[in-house]
$ cat data37.cif   # mmCIF, C-alpha atoms; chains and numbers go by the auth columns
data_data
loop_
_atom_site.group_PDB
_atom_site.id
_atom_site.type_symbol
_atom_site.label_atom_id
_atom_site.label_comp_id
_atom_site.label_asym_id
_atom_site.label_seq_id
_atom_site.Cartn_x
_atom_site.Cartn_y
_atom_site.Cartn_z
_atom_site.B_iso_or_equiv
_atom_site.auth_seq_id
_atom_site.auth_asym_id
ATOM 1 C CA MET A 1 -18.623 5.581 -95.164 0.00 10 A
ATOM 2 C CA SER A 2 -21.113 7.237 -92.880 0.00 11 A
ATOM 3 C CA PHE A 3 -23.856 9.749 -93.488 0.00 12 A
ATOM 4 C CA LYS A 4 -25.473 12.391 -91.344 0.00 13 A
ATOM 5 C CA TRP A 5 -29.228 12.802 -91.782 0.00 14 A
ATOM 6 C CA ASP A 6 -31.254 15.610 -90.196 0.00 15 A
ATOM 7 C CA ARG A 7 -34.796 16.891 -90.318 0.00 16 A
ATOM 8 C CA VAL A 8 -35.099 20.409 -91.699 0.00 17 A
ATOM 9 C CA HIS A 9 -37.833 22.603 -90.221 0.00 18 A
ATOM 10 C CA VAL A 10 -38.862 24.590 -93.280 0.00 19 A
ATOM 11 C CA TRP A 11 -40.624 27.944 -93.313 0.00 20 A
ATOM 12 C CA SER A 12 -42.303 29.208 -96.461 0.00 21 A
ATOM 13 C CA CYS A 13 -44.213 32.045 -98.070 0.00 22 A
ATOM 14 C CA GLU A 14 -45.549 33.051 -101.431 0.00 23 A
ATOM 15 C CA ILE A 15 -43.545 35.654 -103.343 0.00 24 A
ATOM 16 C CA THR A 16 -44.144 37.695 -106.452 0.00 25 A
ATOM 17 C CA ASP A 17 -42.100 36.625 -109.460 0.00 26 A
ATOM 18 C CA GLN A 18 -40.105 39.824 -109.799 0.00 27 A
ATOM 19 C CA PRO A 19 -36.651 41.144 -108.882 0.00 28 A
ATOM 20 C CA GLY A 20 -36.267 41.851 -105.189 0.00 29 A
ATOM 21 C CA SER A 21 -39.084 39.640 -103.910 0.00 30 A
ATOM 22 C CA VAL A 22 -36.767 37.114 -102.297 0.00 31 A
ATOM 23 C CA ALA A 23 -34.428 39.791 -100.948 0.00 32 A
ATOM 24 C CA SER A 24 -37.304 41.665 -99.317 0.00 33 A
ATOM 25 C CA LYS A 25 -38.446 38.531 -97.463 0.00 34 A
ATOM 26 C CA LEU A 26 -34.904 37.572 -96.452 0.00 35 A
ATOM 27 C CA ALA A 27 -34.328 41.080 -95.097 0.00 36 A
ATOM 28 C CA PHE A 28 -36.712 40.336 -92.215 0.00 37 A
ATOM 29 C CA LEU A 29 -34.675 37.276 -91.248 0.00 38 A
ATOM 30 C CA ALA A 30 -31.329 39.029 -91.716 0.00 39 A
ATOM 31 C CA GLN A 31 -32.430 41.730 -89.281 0.00 40 A
ATOM 32 C CA ALA A 32 -33.150 38.958 -86.753 0.00 41 A
ATOM 33 C CA ASP A 33 -29.632 37.493 -87.288 0.00 42 A
ATOM 34 C CA ALA A 34 -30.918 34.313 -88.952 0.00 43 A
ATOM 35 C CA ASN A 35 -28.110 32.116 -90.281 0.00 44 A
ATOM 36 C CA LEU A 36 -30.000 30.355 -93.059 0.00 45 A
ATOM 37 C CA GLU A 37 -28.606 27.047 -94.300 0.00 46 A
ATOM 38 C CA TYR A 38 -31.383 26.297 -96.788 0.00 47 A
ATOM 39 C CA ILE A 39 -33.014 28.686 -99.256 0.00 48 A
ATOM 40 C CA PHE A 40 -35.063 27.393 -102.150 0.00 49 A
ATOM 41 C CA THR A 41 -37.347 29.250 -104.524 0.00 50 A
ATOM 42 C CA LYS A 42 -39.488 28.158 -107.417 0.00 51 A
ATOM 43 C CA ARG A 43 -42.143 29.622 -109.632 0.00 52 A
ATOM 44 C CA LEU A 44 -45.728 28.478 -109.239 0.00 53 A
ATOM 45 C CA PRO A 45 -46.739 27.185 -112.675 0.00 54 A
ATOM 46 C CA HIS A 46 -50.441 27.182 -111.734 0.00 55 A
ATOM 47 C CA LYS A 47 -50.221 30.823 -110.603 0.00 56 A
ATOM 48 C CA PRO A 48 -48.320 32.971 -113.145 0.00 57 A
ATOM 49 C CA GLY A 49 -46.484 35.911 -111.603 0.00 58 A
ATOM 50 C CA TYR A 50 -45.934 34.158 -108.273 0.00 59 A
ATOM 51 C CA GLY A 51 -43.506 31.783 -106.653 0.00 60 A
ATOM 52 C CA VAL A 52 -42.732 30.195 -103.331 0.00 61 A
ATOM 53 C CA LEU A 53 -39.786 30.713 -100.989 0.00 62 A
ATOM 54 C CA TYR A 54 -38.583 28.030 -98.554 0.00 63 A
ATOM 55 C CA VAL A 55 -35.995 28.761 -95.833 0.00 64 A
ATOM 56 C CA ALA A 56 -34.423 27.035 -92.825 0.00 65 A
ATOM 57 C CA PRO A 57 -33.573 27.169 -90.023 0.00 66 A
ATOM 58 C CA VAL A 58 -35.719 29.705 -88.232 0.00 67 A
ATOM 59 C CA THR A 59 -34.809 29.481 -84.550 0.00 68 A
ATOM 60 C CA GLY A 60 -35.641 31.451 -81.457 0.00 69 A
ATOM 61 C CA PRO A 61 -38.408 33.927 -80.742 0.00 70 A
ATOM 62 C CA ALA A 62 -36.868 36.868 -82.638 0.00 71 A
ATOM 63 C CA GLN A 63 -36.438 34.857 -85.833 0.00 72 A
ATOM 64 C CA VAL A 64 -39.923 33.366 -85.554 0.00 73 A
ATOM 65 C CA ARG A 65 -41.363 36.888 -85.177 0.00 74 A
ATOM 66 C CA ALA A 66 -39.317 38.034 -88.182 0.00 75 A
ATOM 67 C CA ALA A 67 -40.484 35.104 -90.300 0.00 76 A
ATOM 68 C CA LYS A 68 -44.097 35.778 -89.386 0.00 77 A
ATOM 69 C CA ALA A 69 -43.634 39.476 -90.173 0.00 78 A
ATOM 70 C CA ALA A 70 -42.476 38.363 -93.644 0.00 79 A
ATOM 71 C CA ASP A 71 -45.710 36.320 -93.973 0.00 80 A
ATOM 72 C CA MET A 72 -43.829 33.031 -93.579 0.00 81 A
ATOM 73 C CA HIS A 73 -45.142 29.975 -91.804 0.00 82 A
ATOM 74 C CA GLU A 74 -43.652 26.622 -90.865 0.00 83 A
ATOM 75 C CA VAL A 75 -44.697 23.934 -93.337 0.00 84 A
ATOM 76 C CA ASP A 76 -45.297 20.199 -93.031 0.00 85 A
ATOM 77 C CA ALA A 77 -44.866 19.588 -96.757 0.00 86 A
ATOM 78 C CA PRO A 78 -42.585 19.055 -98.399 0.00 87 A
ATOM 79 C CA VAL A 79 -40.810 16.909 -95.833 0.00 88 A
ATOM 80 C CA VAL A 80 -37.184 18.046 -96.187 0.00 89 A
ATOM 81 C CA ARG A 81 -34.145 16.189 -94.933 0.00 90 A
ATOM 82 C CA ARG A 82 -30.516 17.276 -94.986 0.00 91 A
ATOM 83 C CA MET A 83 -27.873 14.652 -95.672 0.00 92 A
ATOM 84 C CA GLU A 84 -24.127 14.936 -95.692 0.00 93 A
ATOM 85 C CA GLY A 85 -21.126 12.685 -95.761 0.00 94 A
ATOM 86 C CA GLU A 86 -18.111 11.557 -97.691 0.00 95 A
ATOM 87 C CA ASN A 87 -18.635 11.715 -101.429 0.00 96 A
ATOM 88 C CA ASP A 88 -17.973 8.821 -103.769 0.00 97 A
ATOM 89 C CA ALA A 89 -18.335 8.590 -107.546 0.00 98 A
ATOM 90 C CA GLY A 90 -21.866 7.485 -108.409 0.00 99 A
ATOM 91 C CA LEU A 91 -23.212 8.132 -104.909 0.00 100 A
ATOM 92 C CA ALA A 92 -26.237 10.142 -106.082 0.00 101 A
ATOM 93 C CA HIS A 93 -27.153 7.376 -108.514 0.00 102 A
ATOM 94 C CA HIS A 94 -26.826 4.638 -105.888 0.00 103 A
ATOM 95 C CA VAL A 95 -28.930 6.536 -103.363 0.00 104 A
ATOM 96 C CA THR A 96 -31.687 7.579 -105.767 0.00 105 A
ATOM 97 C CA GLN A 97 -31.785 4.147 -107.391 0.00 106 A
ATOM 98 C CA ARG A 98 -32.311 2.451 -104.007 0.00 107 A
ATOM 99 C CA TRP A 99 -35.006 4.966 -103.136 0.00 108 A
ATOM 100 C CA ALA A 100 -36.701 4.334 -106.481 0.00 109 A
ATOM 101 C CA LEU A 101 -36.583 0.558 -105.988 0.00 110 A
ATOM 102 C CA ALA A 102 -38.271 1.095 -102.616 0.00 111 A
ATOM 103 C CA GLY A 103 -41.030 3.098 -104.328 0.00 112 A
ATOM 104 C CA ILE A 104 -39.986 6.413 -102.772 0.00 113 A
ATOM 105 C CA ASN A 105 -40.839 9.433 -104.902 0.00 114 A
ATOM 106 C CA LEU A 106 -38.851 12.628 -104.542 0.00 115 A
ATOM 107 C CA GLN A 107 -40.442 16.065 -104.641 0.00 116 A
ATOM 108 C CA GLY A 108 -36.969 17.505 -105.076 0.00 117 A
ATOM 109 C CA LEU A 109 -33.292 16.786 -104.626 0.00 118 A
ATOM 110 C CA THR A 110 -30.281 19.080 -104.484 0.00 119 A
ATOM 111 C CA MET A 111 -26.781 17.737 -103.915 0.00 120 A
ATOM 112 C CA ALA A 112 -23.415 19.478 -104.066 0.00 121 A
ATOM 113 C CA VAL A 113 -19.829 18.400 -103.457 0.00 122 A
ATOM 114 C CA LEU A 114 -17.122 20.443 -101.796 0.00 123 A
ATOM 115 C CA GLY A 115 -13.766 18.750 -101.512 0.00 124 A
ATOM 116 C CA LYS A 116 -14.327 15.139 -100.462 0.00 125 A
ATOM 117 C CA ASN A 117 -17.740 15.697 -98.899 0.00 126 A
ATOM 118 C CA PHE A 118 -21.253 16.189 -100.176 0.00 127 A
ATOM 119 C CA ILE A 119 -24.296 17.907 -98.792 0.00 128 A
ATOM 120 C CA GLY A 120 -27.801 17.362 -100.051 0.00 129 A
ATOM 121 C CA TYR A 121 -31.385 18.286 -99.388 0.00 130 A
ATOM 122 C CA ALA A 122 -34.093 15.803 -100.303 0.00 131 A
ATOM 123 C CA ALA A 123 -37.799 16.633 -100.266 0.00 132 A
ATOM 124 C CA PHE A 124 -40.299 13.815 -99.774 0.00 133 A
ATOM 125 C CA ASP A 125 -44.083 13.540 -99.919 0.00 134 A
ATOM 126 C CA THR A 126 -44.463 11.996 -96.465 0.00 135 A
ATOM 127 C CA VAL A 127 -42.602 11.500 -93.194 0.00 136 A
ATOM 128 C CA HIS A 128 -42.913 7.753 -93.817 0.00 137 A
ATOM 129 C CA ASP A 129 -41.037 8.074 -97.129 0.00 138 A
ATOM 130 C CA ALA A 130 -38.373 10.244 -95.480 0.00 139 A
ATOM 131 C CA ASN A 131 -37.889 7.661 -92.724 0.00 140 A
ATOM 132 C CA ARG A 132 -37.631 4.833 -95.251 0.00 141 A
ATOM 133 C CA ALA A 133 -35.106 6.883 -97.255 0.00 142 A
ATOM 134 C CA ALA A 134 -33.049 7.433 -94.090 0.00 143 A
ATOM 135 C CA GLN A 135 -32.894 3.700 -93.431 0.00 144 A
ATOM 136 C CA ILE A 136 -31.775 3.030 -97.004 0.00 145 A
ATOM 137 C CA LEU A 137 -29.064 5.691 -96.682 0.00 146 A
ATOM 138 C CA ALA A 138 -27.918 4.142 -93.384 0.00 147 A
ATOM 139 C CA ASP A 139 -27.834 0.687 -94.994 0.00 148 A
ATOM 140 C CA LEU A 140 -25.728 2.039 -97.874 0.00 149 A
ATOM 141 C CA GLY A 141 -23.307 3.561 -95.375 0.00 150 A
ATOM 142 C CA LEU A 142 -23.003 0.277 -93.482 0.00 151 A
ATOM 143 C CA ALA A 143 -22.491 -1.684 -96.713 0.00 152 A
ATOM 144 C CA ALA A 144 -19.794 0.759 -97.884 0.00 153 A
ATOM 145 C CA ALA A 145 -18.047 0.558 -94.492 0.00 154 A
ATOM 146 C CA ALA A 146 -18.074 -3.237 -94.595 0.00 155 A
ATOM 147 C CA GLU A 147 -16.693 -3.232 -98.144 0.00 156 A
ATOM 148 C CA ALA A 148 -13.944 -0.779 -97.201 0.00 157 A
ATOM 149 C CA LYS A 149 -13.006 -2.936 -94.194 0.00 158 A
ATOM 150 C CA ALA A 150 -12.924 -6.068 -96.362 0.00 159 A
ATOM 151 C CA ASN A 151 -10.668 -4.280 -98.851 0.00 160 A
ATOM 152 C CA GLY A 152 -8.330 -3.070 -96.097 0.00 161 A
ATOM 153 C CA LYS A 153 -9.229 0.619 -96.408 0.00 162 A
#
$ encode --input "data37.cif" --output "structure tokens"
Amino acid sequence: MSFKWDRVHVWSCEITDQPGSVASKLAFLAQADANLEYIFTKRLPHKPGYGVLYVAPVTGPAQVRAAKAADMHEVDAPVVRRMEGENDAGLAHHVTQRWALAGINLQGLTMAVLGKNFIGYAAFDTVHDANRAAQILADLGLAAAAEAKANGK
């Protein structure tokens, strides 16, 4: 079992917590032909009536201009990583348990399965935590491959 692990360059902006806020921001990027793979929104509990929008990727000068026109900016935090690979029952538990044992705290985690594969986005507090999480994921992939080989799969 192998996993793919990529850095996600996230852009963000504050939004009002009302219908159409997200759509109005995304309209700027749509007009610049952005093919977004990651969109995440959440309310800001410390600021009632507002939320935050995160998107990725924003590539090329036209999309960067569009993002800036929508009051977006590239963010360093959270540190978001995209992971994908072959799914297996209990995979999310195994991964998050190993991260927990290593003392890695997650800001957020989203995982979904389509067919035999999964895709996930994990948000970490620091680049160091994200790098440690990547190594743990790689080690899990190597261990699963060795087990499959030993079992003749």
$ atom_distance --input "data37.cif" --atom1 "CA of Ile24 in chain A" --atom2 "CA of Val61 in chain A"
5.5 Å
$ residues_around --input "data37.cif" --residues "Val64 in chain A" --least-positions-apart "5" --cutoff "8 Å" --atoms "all atoms listed in the file" --output "list in words"
Val19, Trp20, Ser21, Leu45, Glu46, Tyr47, Ile48 and Phe49 of chain A
$ residues_around --input "data37.cif" --residues "Val17 in chain A" --least-positions-apart "3" --cutoff "10 Å" --atoms "all atoms listed in the file" --output "list in words"
Trp14, Trp20, Glu46, Tyr47, Val64, Ala65, Pro66, Val67, Val88, Val89, Arg90, Arg91, Tyr130, Ala131 and Ala132 of chain A
$ resolve_selection --input "data37.cif" --expression "the PyMOL selection byres ((chain A and resi 121) around 12)" --output "PDB file with C-alpha atoms, in the frame of the given file"
ATOM      1  CA  ARG A  91     -30.516  17.276 -94.986  1.00  0.00           C
ATOM      2  CA  MET A  92     -27.873  14.652 -95.672  1.00  0.00           C
ATOM      3  CA  GLU A  93     -24.127  14.936 -95.692  1.00  0.00           C
ATOM      4  CA  GLY A  94     -21.126  12.685 -95.761  1.00  0.00           C
ATOM      5  CA  GLU A  95     -18.111  11.557 -97.691  1.00  0.00           C
ATOM      6  CA  ASN A  96     -18.635  11.715-101.429  1.00  0.00           C
ATOM      7  CA  ASP A  97     -17.973   8.821-103.769  1.00  0.00           C
ATOM      8  CA  LEU A 100     -23.212   8.132-104.909  1.00  0.00           C
ATOM      9  CA  ALA A 101     -26.237  10.142-106.082  1.00  0.00           C
ATOM     10  CA  LEU A 118     -33.292  16.786-104.626  1.00  0.00           C
ATOM     11  CA  THR A 119     -30.281  19.080-104.484  1.00  0.00           C
ATOM     12  CA  MET A 120     -26.781  17.737-103.915  1.00  0.00           C
ATOM     13  CA  VAL A 122     -19.829  18.400-103.457  1.00  0.00           C
ATOM     14  CA  LEU A 123     -17.122  20.443-101.796  1.00  0.00           C
ATOM     15  CA  GLY A 124     -13.766  18.750-101.512  1.00  0.00           C
ATOM     16  CA  LYS A 125     -14.327  15.139-100.462  1.00  0.00           C
ATOM     17  CA  ASN A 126     -17.740  15.697 -98.899  1.00  0.00           C
ATOM     18  CA  PHE A 127     -21.253  16.189-100.176  1.00  0.00           C
ATOM     19  CA  ILE A 128     -24.296  17.907 -98.792  1.00  0.00           C
ATOM     20  CA  GLY A 129     -27.801  17.362-100.051  1.00  0.00           C
ATOM     21  CA  TYR A 130     -31.385  18.286 -99.388  1.00  0.00           C
ATOM     22  CA  ALA A 131     -34.093  15.803-100.303  1.00  0.00           C
TER      23      ALA A 131
END
$ atom_distance --input "data37.cif" --atom1 "CA of Cys22 in chain A" --atom2 "CA of His82 in chain A"
6.7 Å
$ closest_residue --input "data37.cif" --among "A:Gly60, A:Gly99, A:Gln40, A:Leu53" --to "Val73 in chain A" --atoms "only C-alpha atoms"
A:Gln40
$ closest_residue --input "data37.cif" --among "A:His137, A:Arg107, A:Lys13, A:Arg52" --to "Val31 in chain A" --atoms "only C-alpha atoms"
A:Arg52
$ resolve_selection --input "data37.cif" --expression "the PyMOL selection byres ((chain A and resi 103-105) around 9)" --output "mmCIF file with C-alpha atoms, keeping the file's coordinate frame"
data_model
loop_
_atom_site.group_PDB
_atom_site.id
_atom_site.type_symbol
_atom_site.label_atom_id
_atom_site.label_comp_id
_atom_site.auth_asym_id
_atom_site.auth_seq_id
_atom_site.Cartn_x
_atom_site.Cartn_y
_atom_site.Cartn_z
ATOM 1 C CA GLY A 99 -21.866 7.485 -108.409
ATOM 2 C CA LEU A 100 -23.212 8.132 -104.909
ATOM 3 C CA ALA A 101 -26.237 10.142 -106.082
ATOM 4 C CA HIS A 102 -27.153 7.376 -108.514
ATOM 5 C CA GLN A 106 -31.785 4.147 -107.391
ATOM 6 C CA ARG A 107 -32.311 2.451 -104.007
ATOM 7 C CA TRP A 108 -35.006 4.966 -103.136
ATOM 8 C CA ALA A 109 -36.701 4.334 -106.481
ATOM 9 C CA LEU A 110 -36.583 0.558 -105.988
ATOM 10 C CA ILE A 113 -39.986 6.413 -102.772
ATOM 11 C CA LEU A 115 -38.851 12.628 -104.542
ATOM 12 C CA ALA A 142 -35.106 6.883 -97.255
ATOM 13 C CA ILE A 145 -31.775 3.030 -97.004
ATOM 14 C CA LEU A 146 -29.064 5.691 -96.682
ATOM 15 C CA LEU A 149 -25.728 2.039 -97.874
#
$ closest_residue --input "data37.cif" --among "A:Phe12, A:Phe133, A:Phe37, A:Tyr59" --to "Gln116 in chain A" --atoms "only C-alpha atoms"
A:Phe133
$ atom_distance --input "data37.cif" --atom1 "CA of Asp15 in chain A" --atom2 "CA of Thr68 in chain A"
15.4 Å
$ residues_near_point --input "data37.cif" --point "(-46.4, 15.4, -98.0)" --cutoff "8 Å" --atoms "only C-alpha atoms" --output "JSON, numbers by chain"
{"A": [85, 86, 87, 88, 133, 134, 135, 136]}
$ closest_residue --input "data37.cif" --among "A:Ala76, A:Tyr63, A:Pro28, A:Lys56" --to "Asp42 in chain A" --atoms "only C-alpha atoms"
A:Ala76
$ closest_residue --input "data37.cif" --among "A:Ala98, A:Asp138, A:Ala143, A:His18" --to "Glu83 in chain A" --atoms "only C-alpha atoms"
A:His18
$ axis_aligned_box --input "data37.cif" --around "range 93-105 of chain A" --padding-each-side "4 Å" --output "JSON"
{"center_x": -24.8, "center_y": 9.8, "center_z": -102.1, "size_x": 21.7, "size_y": 18.3, "size_z": 20.8}
$ closest_residue --input "data37.cif" --among "A:Pro57, A:Arg16, A:Ala75, A:Lys51" --to "Ser33 in chain A" --atoms "all atoms listed in the file"
A:Ala75
$ decode --input "data37.cif" --residues "range 99-128 of chain A" --atoms "N, CA and C atoms" --output "mmCIF file, in the first residue's frame"
data_model
loop_
_atom_site.group_PDB
_atom_site.id
_atom_site.type_symbol
_atom_site.label_atom_id
_atom_site.label_comp_id
_atom_site.auth_asym_id
_atom_site.auth_seq_id
_atom_site.Cartn_x
_atom_site.Cartn_y
_atom_site.Cartn_z
ATOM 1 N N GLY A 99 -10.363 0.655 8.598
ATOM 2 C CA GLY A 99 -9.628 1.097 9.781
ATOM 3 C C GLY A 99 -8.453 2.010 9.494
ATOM 4 N N LEU A 100 -8.251 2.375 8.234
ATOM 5 C CA LEU A 100 -7.093 3.198 7.874
ATOM 6 C C LEU A 100 -7.065 4.522 8.643
ATOM 7 N N ALA A 101 -8.182 5.228 8.692
ATOM 8 C CA ALA A 101 -8.211 6.520 9.382
ATOM 9 C C ALA A 101 -7.827 6.357 10.852
ATOM 10 N N HIS A 102 -8.307 5.296 11.474
ATOM 11 C CA HIS A 102 -7.944 5.047 12.870
ATOM 12 C C HIS A 102 -6.456 4.788 13.018
ATOM 13 N N HIS A 103 -5.902 3.934 12.157
ATOM 14 C CA HIS A 103 -4.469 3.616 12.252
ATOM 15 C C HIS A 103 -3.606 4.857 12.078
ATOM 16 N N VAL A 104 -3.949 5.679 11.087
ATOM 17 C CA VAL A 104 -3.166 6.879 10.818
ATOM 18 C C VAL A 104 -3.270 7.857 11.988
ATOM 19 N N THR A 105 -4.491 8.171 12.397
ATOM 20 C CA THR A 105 -4.653 9.163 13.471
ATOM 21 C C THR A 105 -4.123 8.658 14.803
ATOM 22 N N GLN A 106 -4.207 7.365 15.038
ATOM 23 C CA GLN A 106 -3.655 6.810 16.280
ATOM 24 C C GLN A 106 -2.136 6.962 16.304
ATOM 25 N N ARG A 107 -1.471 6.664 15.188
ATOM 26 C CA ARG A 107 -0.011 6.818 15.127
ATOM 27 C C ARG A 107 0.388 8.286 15.289
ATOM 28 N N TRP A 108 -0.383 9.174 14.672
ATOM 29 C CA TRP A 108 -0.085 10.595 14.835
ATOM 30 C C TRP A 108 -0.263 11.012 16.293
ATOM 31 N N ALA A 109 -1.302 10.515 16.930
ATOM 32 C CA ALA A 109 -1.546 10.854 18.337
ATOM 33 C C ALA A 109 -0.416 10.336 19.223
ATOM 34 N N LEU A 110 0.022 9.101 18.982
ATOM 35 C CA LEU A 110 1.112 8.532 19.772
ATOM 36 C C LEU A 110 2.409 9.326 19.604
ATOM 37 N N ALA A 111 2.553 9.966 18.456
ATOM 38 C CA ALA A 111 3.733 10.802 18.195
ATOM 39 C C ALA A 111 3.554 12.222 18.740
ATOM 40 N N GLY A 112 2.395 12.488 19.351
ATOM 41 C CA GLY A 112 2.147 13.813 19.920
ATOM 42 C C GLY A 112 1.766 14.864 18.898
ATOM 43 N N ILE A 113 1.260 14.421 17.748
ATOM 44 C CA ILE A 113 0.871 15.359 16.682
ATOM 45 C C ILE A 113 -0.602 15.701 16.861
ATOM 46 N N ASN A 114 -0.885 16.985 16.982
ATOM 47 C CA ASN A 114 -2.254 17.461 17.124
ATOM 48 C C ASN A 114 -2.774 17.926 15.776
ATOM 49 N N LEU A 115 -3.993 17.574 15.475
ATOM 50 C CA LEU A 115 -4.615 17.981 14.218
ATOM 51 C C LEU A 115 -5.477 19.219 14.425
ATOM 52 N N GLN A 116 -5.359 20.181 13.529
ATOM 53 C CA GLN A 116 -6.309 21.295 13.509
ATOM 54 C C GLN A 116 -7.590 20.853 12.832
ATOM 55 N N GLY A 117 -7.462 19.947 11.872
ATOM 56 C CA GLY A 117 -8.626 19.447 11.154
ATOM 57 C C GLY A 117 -8.251 18.264 10.291
ATOM 58 N N LEU A 118 -9.243 17.447 9.988
ATOM 59 C CA LEU A 118 -9.033 16.282 9.139
ATOM 60 C C LEU A 118 -10.318 15.991 8.389
ATOM 61 N N THR A 119 -10.202 15.835 7.082
ATOM 62 C CA THR A 119 -11.318 15.424 6.242
ATOM 63 C C THR A 119 -10.824 14.286 5.374
ATOM 64 N N MET A 120 -11.555 13.178 5.389
ATOM 65 C CA MET A 120 -11.197 12.034 4.549
ATOM 66 C C MET A 120 -12.462 11.518 3.882
ATOM 67 N N ALA A 121 -12.338 11.085 2.646
ATOM 68 C CA ALA A 121 -13.462 10.508 1.918
ATOM 69 C C ALA A 121 -12.951 9.347 1.076
ATOM 70 N N VAL A 122 -13.848 8.397 0.813
ATOM 71 C CA VAL A 122 -13.505 7.223 0.021
ATOM 72 C C VAL A 122 -14.373 7.209 -1.231
ATOM 73 N N LEU A 123 -13.738 6.919 -2.350
ATOM 74 C CA LEU A 123 -14.449 6.735 -3.603
ATOM 75 C C LEU A 123 -13.892 5.472 -4.232
ATOM 76 N N GLY A 124 -14.732 4.467 -4.345
ATOM 77 C CA GLY A 124 -14.269 3.183 -4.854
ATOM 78 C C GLY A 124 -13.300 2.550 -3.873
ATOM 79 N N LYS A 125 -12.099 2.227 -4.348
ATOM 80 C CA LYS A 125 -11.097 1.589 -3.492
ATOM 81 C C LYS A 125 -10.079 2.581 -2.942
ATOM 82 N N ASN A 126 -10.223 3.847 -3.290
ATOM 83 C CA ASN A 126 -9.233 4.840 -2.898
ATOM 84 C C ASN A 126 -9.814 5.888 -1.948
ATOM 85 N N PHE A 127 -8.923 6.504 -1.196
ATOM 86 C CA PHE A 127 -9.327 7.580 -0.309
ATOM 87 C C PHE A 127 -8.552 8.837 -0.681
ATOM 88 N N ILE A 128 -9.114 9.947 -0.283
ATOM 89 C CA ILE A 128 -8.429 11.229 -0.365
ATOM 90 C C ILE A 128 -8.698 11.933 0.956
#
